[in-house]
Structures are given as C-alpha cells and as structure tokens.
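Take a look at the structure below.
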Amino acid sequence: MSMLSDFTKGIWKENPVLVLLLGTCPTLAVTSSATNGLGMGLATTGVLFGSNLVISLIAGIVPKKVRIPVYIVVIATFVTIVDLLMKAYAPPALYAALGIFIPLIVVNCIVLGRAEAFASKNGPVRSMLDGVGMGLGFTLTLTMLGALREFLSTGAVFETKIITAWTTDFLLPSAAPGAFILVGTILAIKNYSNYRKAVKAGKLYVPPKGLDCRHCNICSAHLEEDEK
C-alpha cells in the first residue's frame, strides 16, 4: 500500500465513523454544532498524529505482554498536551462544550485501534500519515454531522444564520435521538451507495479487507490475561 493510500483511506474508504463505526460516543455527544464537531475532530487528529508516531518508534522495544498499557500511557500523554493547549488557546465556549470528552480521547477506540492495528506494525512516516488521515476522516464526519444538526435545529451553520426567518429552534436534531437518526440515515445512504456500486460492477459487496475481528489483537490480549 502506498503512502498516499495510508493517508487517504481514513477519509472515506476506511472512515472511522462511517465504515469502522468507532468513536460513536463523541460523534453523538459533541456534534450539536459544526464548531464543536470541528474542535473535537482536530483534537483527536492531534492525538492520533503524536501517538502513532511515538508508538511506531517504541513498538520494537515494548514487551508484547504490556504493550496495551504502554500504548495507553503514550496516548494519555498526548491527550493531556492537547487538553492543556485547548484550555490555553481555544475559545472558552468551545472548551466548555467539549468538556469531559477531551480527556476521554484516551479511551477512544479509534486512537487505540490505530496504535495496535497500524502504528505498532509500520514505520513512523506511514504511521503519521495513517494518524492524520484517520483524524481528518473523523474531523470531516463530525463537522458534517454537526453542521447538519445545527442547521436542522436553528437554521445556522458555524453560528452563522443561513435562514434569517428561522426564529424557533427545532430541538430534535440537537438532542441525542436526533443524532442517532442522522447517523443512521448517513450510514444507510453510504451502505446503499456501496451496494449499488457493487451490483453495477457485478460483484458481491463485502467490507474492506482487514476490518473484521480476526485482524484485531486487542481482545486476545485480554483473553491471555484472563487465562493467567
């Protein structure tokens, strides 16, 4: 796989939200506006970039039995850095809106998943490209969902009124049920599009290679510990 593919796959082909279905907690919780979605996405991208780089460099010297705790410590370090930077420089309203979801990036399946599945098995350059690509895919999805929810709720995007005559807010899109409905609708449209493309090409649509449980070692690490 080329370096360009490492970068672009996370934006659409292996989008962490729309394909891998990871990071759904922040996806549903913080995307009440486009600004919140963009802020959360960029914060996660920063953590992915830094943690993928460091983990790719230390993977060869970390004992296999303790790799997950070590990866979590690395991720937590970059989450702390991002949290402090946002506290210092991000708009106070944005930092307050994201709240606890910034520290919770530590347990975001996207970050740990890329560390275990990619960064620990590849060099630093490819790992950085993978982290940035996955982060951008996550950012674009959160921003798109936030923009949709904000527009359907208030008629505005990025706090800029698109429909000036819209004076009464519609609460459903800004609430959790509205987020579930929109995410489900987007996933249905994407799956239908992929299915139609496969039918037109005379092929059977299957998930991208390597995106099933057989290619993930996180669960096996816990099983090894339980057996002991």
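Quick note on naming: the chains in the structure tokens go A, B, ... in the order shown, residues restart at 1 in each chain, and ligands are numbered from 1 in order of appearance.
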If you run DSSP on this backbone, which residues of range 32-179 of chain A come out as alpha helix (DSSP H), and could you give them as a PyMOL selection string?
-> chain A and resi 34-58+67-89+92-98+109-117+124-154+171-174+176-179
Pick out the residues sitting within 10 Å of range 148-164 of chain A, and hand them over as a PyMOL selection string; count only C-alpha atoms, and ignore anything fewer than 2 positions along from it in its own chain.
-> chain A and resi 31-36+38+142-146+166-175+178-179+182
Mind dumping the selected residues with N, CA and C atoms as a compact mmCIF listing (two decimals), in the first residue's frame?
# COMPACT_ATOMS: atom_id res chain seq x y z
N THR A 31 -21.55 16.75 18.70
CA THR A 31 -21.79 17.31 17.36
C THR A 31 -23.09 18.10 17.29
N SER A 32 -23.45 18.77 18.37
CA SER A 32 -24.65 19.61 18.33
C SER A 32 -24.45 20.84 17.46
N SER A 33 -23.19 21.14 17.12
CA SER A 33 -22.89 22.26 16.22
C SER A 33 -21.65 21.91 15.40
N ALA A 34 -21.48 22.60 14.27
CA ALA A 34 -20.33 22.36 13.41
C ALA A 34 -19.03 22.74 14.11
N THR A 35 -19.07 23.79 14.91
CA THR A 35 -17.87 24.23 15.63
C THR A 35 -17.40 23.18 16.61
N ASN A 36 -18.33 22.60 17.36
CA ASN A 36 -17.97 21.55 18.32
C ASN A 36 -17.40 20.33 17.61
N LEU A 38 -15.87 20.21 14.69
CA LEU A 38 -14.55 20.54 14.17
C LEU A 38 -13.51 20.54 15.28
N LEU A 142 -17.45 14.45 11.82
CA LEU A 142 -18.02 15.19 12.96
C LEU A 142 -18.49 16.58 12.54
N THR A 143 -17.70 17.25 11.69
CA THR A 143 -18.09 18.58 11.24
C THR A 143 -19.33 18.53 10.38
N MET A 144 -19.41 17.54 9.48
CA MET A 144 -20.59 17.39 8.64
C MET A 144 -21.83 17.11 9.48
N LEU A 145 -21.70 16.19 10.43
CA LEU A 145 -22.84 15.86 11.28
C LEU A 145 -23.23 17.06 12.14
N GLY A 146 -22.24 17.77 12.67
CA GLY A 146 -22.53 18.95 13.47
C GLY A 146 -23.22 20.03 12.67
N TRP A 166 -35.75 31.97 10.30
CA TRP A 166 -35.88 30.84 11.23
C TRP A 166 -35.70 31.39 12.65
N THR A 167 -36.76 31.49 13.38
CA THR A 167 -36.70 32.10 14.72
C THR A 167 -36.97 31.12 15.86
N THR A 168 -37.56 29.96 15.55
CA THR A 168 -37.87 28.98 16.59
C THR A 168 -37.03 27.73 16.38
N ASP A 169 -36.24 27.36 17.40
CA ASP A 169 -35.35 26.20 17.27
C ASP A 169 -36.14 24.89 17.25
N PHE A 170 -35.68 23.95 16.44
CA PHE A 170 -36.23 22.60 16.39
C PHE A 170 -35.33 21.73 17.25
N LEU A 171 -35.83 21.22 18.36
CA LEU A 171 -34.99 20.60 19.37
C LEU A 171 -34.51 19.20 19.03
N LEU A 172 -35.26 18.45 18.21
CA LEU A 172 -34.90 17.05 17.97
C LEU A 172 -33.49 16.88 17.40
N PRO A 173 -33.08 17.60 16.35
CA PRO A 173 -31.74 17.37 15.80
C PRO A 173 -30.62 17.66 16.80
N SER A 174 -30.83 18.58 17.73
CA SER A 174 -29.78 18.91 18.69
C SER A 174 -29.74 17.96 19.87
N ALA A 175 -30.74 17.08 20.00
CA ALA A 175 -30.79 16.12 21.10
C ALA A 175 -30.20 14.79 20.66
N GLY A 178 -31.96 12.76 17.88
CA GLY A 178 -31.73 13.33 16.56
C GLY A 178 -30.38 12.92 16.00
N ALA A 179 -29.36 12.85 16.88
CA ALA A 179 -28.04 12.42 16.44
C ALA A 179 -28.07 10.98 15.95
N LEU A 182 -29.78 10.86 12.48
CA LEU A 182 -28.95 11.38 11.39
C LEU A 182 -27.79 10.44 11.06
Strand (DSSP E) per DSSP on the backbone: members of range 12-201 of chain A, as a list in words = Ala156, Val157, Thr160 and Lys161 of chain A
For the residues in the current selection, export N, CA, C and O atoms as a PDB file, in the first residue's frame.
ATOM      1  N   ALA A 156     -28.763  27.565  11.153  1.00  0.00           N
ATOM      2  CA  ALA A 156     -27.448  28.206  11.098  1.00  0.00           C
ATOM      3  C   ALA A 156     -26.368  27.151  10.904  1.00  0.00           C
ATOM      4  O   ALA A 156     -26.563  25.966  11.183  1.00  0.00           O
ATOM      5  N   VAL A 157     -25.209  27.577  10.420  1.00  0.00           N
ATOM      6  CA  VAL A 157     -24.029  26.732  10.289  1.00  0.00           C
ATOM      7  C   VAL A 157     -22.831  27.537  10.765  1.00  0.00           C
ATOM      8  O   VAL A 157     -22.634  28.676  10.328  1.00  0.00           O
ATOM      9  N   THR A 160     -23.574  30.936  12.050  1.00  0.00           N
ATOM     10  CA  THR A 160     -23.968  31.954  11.082  1.00  0.00           C
ATOM     11  C   THR A 160     -25.352  31.596  10.532  1.00  0.00           C
ATOM     12  O   THR A 160     -25.535  30.522   9.957  1.00  0.00           O
ATOM     13  N   LYS A 161     -26.309  32.486  10.702  1.00  0.00           N
ATOM     14  CA  LYS A 161     -27.685  32.207  10.311  1.00  0.00           C
ATOM     15  C   LYS A 161     -27.795  32.125   8.792  1.00  0.00           C
ATOM     16  O   LYS A 161     -27.484  33.079   8.071  1.00  0.00           O
TER      17      LYS A 161
END
Using only C-alpha atoms, I'd like a table of the residues in range 104-181 of chain A that come within 7 Å of range 59-79 of chain A; for each, show the closest atom pair and its distance in Å rounded to one decimal, ordered by chain and ascending number, as CSV.
residue,atom,partner,partner_atom,distance
A:Ile105,CA,A:Val79,CA,6.6
A:Val106,CA,A:Ala76,CA,5.3
A:Ser120,CA,A:Ala59,CA,5.2
Output N, CA and C atoms for every residue in the selection just made, as a PDB file, in the first residue's frame.
ATOM      1  N   ILE A 105     -10.636  11.081  25.120  1.00  0.00           N
ATOM      2  CA  ILE A 105      -9.947  10.620  23.906  1.00  0.00           C
ATOM      3  C   ILE A 105      -9.002   9.471  24.246  1.00  0.00           C
ATOM      4  N   VAL A 106      -8.553   9.422  25.499  1.00  0.00           N
ATOM      5  CA  VAL A 106      -7.650   8.346  25.934  1.00  0.00           C
ATOM      6  C   VAL A 106      -8.256   6.977  25.649  1.00  0.00           C
ATOM      7  N   SER A 120       1.941   0.104  15.458  1.00  0.00           N
ATOM      8  CA  SER A 120       2.870  -0.855  16.053  1.00  0.00           C
ATOM      9  C   SER A 120       3.492  -1.781  15.019  1.00  0.00           C
TER      10      SER A 120
END
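Checking A:Thr44, A:Tyr205, A:Asn191, A:Tyr89 one by one against Ile110 in chain A, counting only C-alpha atoms, you find the shortest gap at A:Thr44.
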Within 12 Å of Leu85 in chain A, counting only C-alpha atoms, which residues show up once you throw out same-chain ones fewer than 4 positions away? Write them as a VMD selection string, please.
-> chain A and resid 43 46 to 47 78 to 81 89 to 92 95 102
Counting only C-alpha atoms, figure out which residue out of A:Phe7, A:Lys87, A:Ile55, A:Lys190 gets nearest to Gly131 in chain A.
->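 So, comparing all the options, the nearest one is A:Phe7.
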Identify, on the basis of only C-alpha atoms, every residue whose closest approach to Gly10 in chain A does not exceed 9 Å; exclude the query and any residue fewer than 2 positions from it along the same chain; express the result as a list in words.
->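 Here the answer would be Ser5, Asp6, Phe7, Thr8, Trp12, Lys13, Glu14, Asn15, Pro16, Asp130, Gly131, Val132, Gly133, Met134, Gly135, Leu136, Gly137 and Phe138 of chain A.
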Coordinates-based distance that separates CA of Val54 in chain A from CA of Thr27 in chain A (Å, one decimal) = 25.8 Å
Please, what distance in Å, to one decimal, runs between CA of Cys25 in chain A and CA of Phe118 in chain A?
->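 The value is 22.4 Å.
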Any idea what the distance is between CA of Leu112 in chain A and CA of Leu22 in chain A?
->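 Spanning CA of Leu112 in chain A to CA of Leu22 in chain A is a straight-line distance of 10.6 Å.
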From A:Ser127, A:Thr141, A:Thr24, A:Ser56, residue lying nearest Leu42 in chain A [only C-alpha atoms] |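 Using only C-alpha atoms, the shortest distance to Leu42 in chain A belongs to A:Thr141.
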Hey, which of A:Tyr195, A:Leu57, A:Leu98, A:Ile181 ends up closest to Pro124 in chain A? Count only C-alpha atoms.
->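 The closest residue to Pro124 in chain A is A:Leu57.
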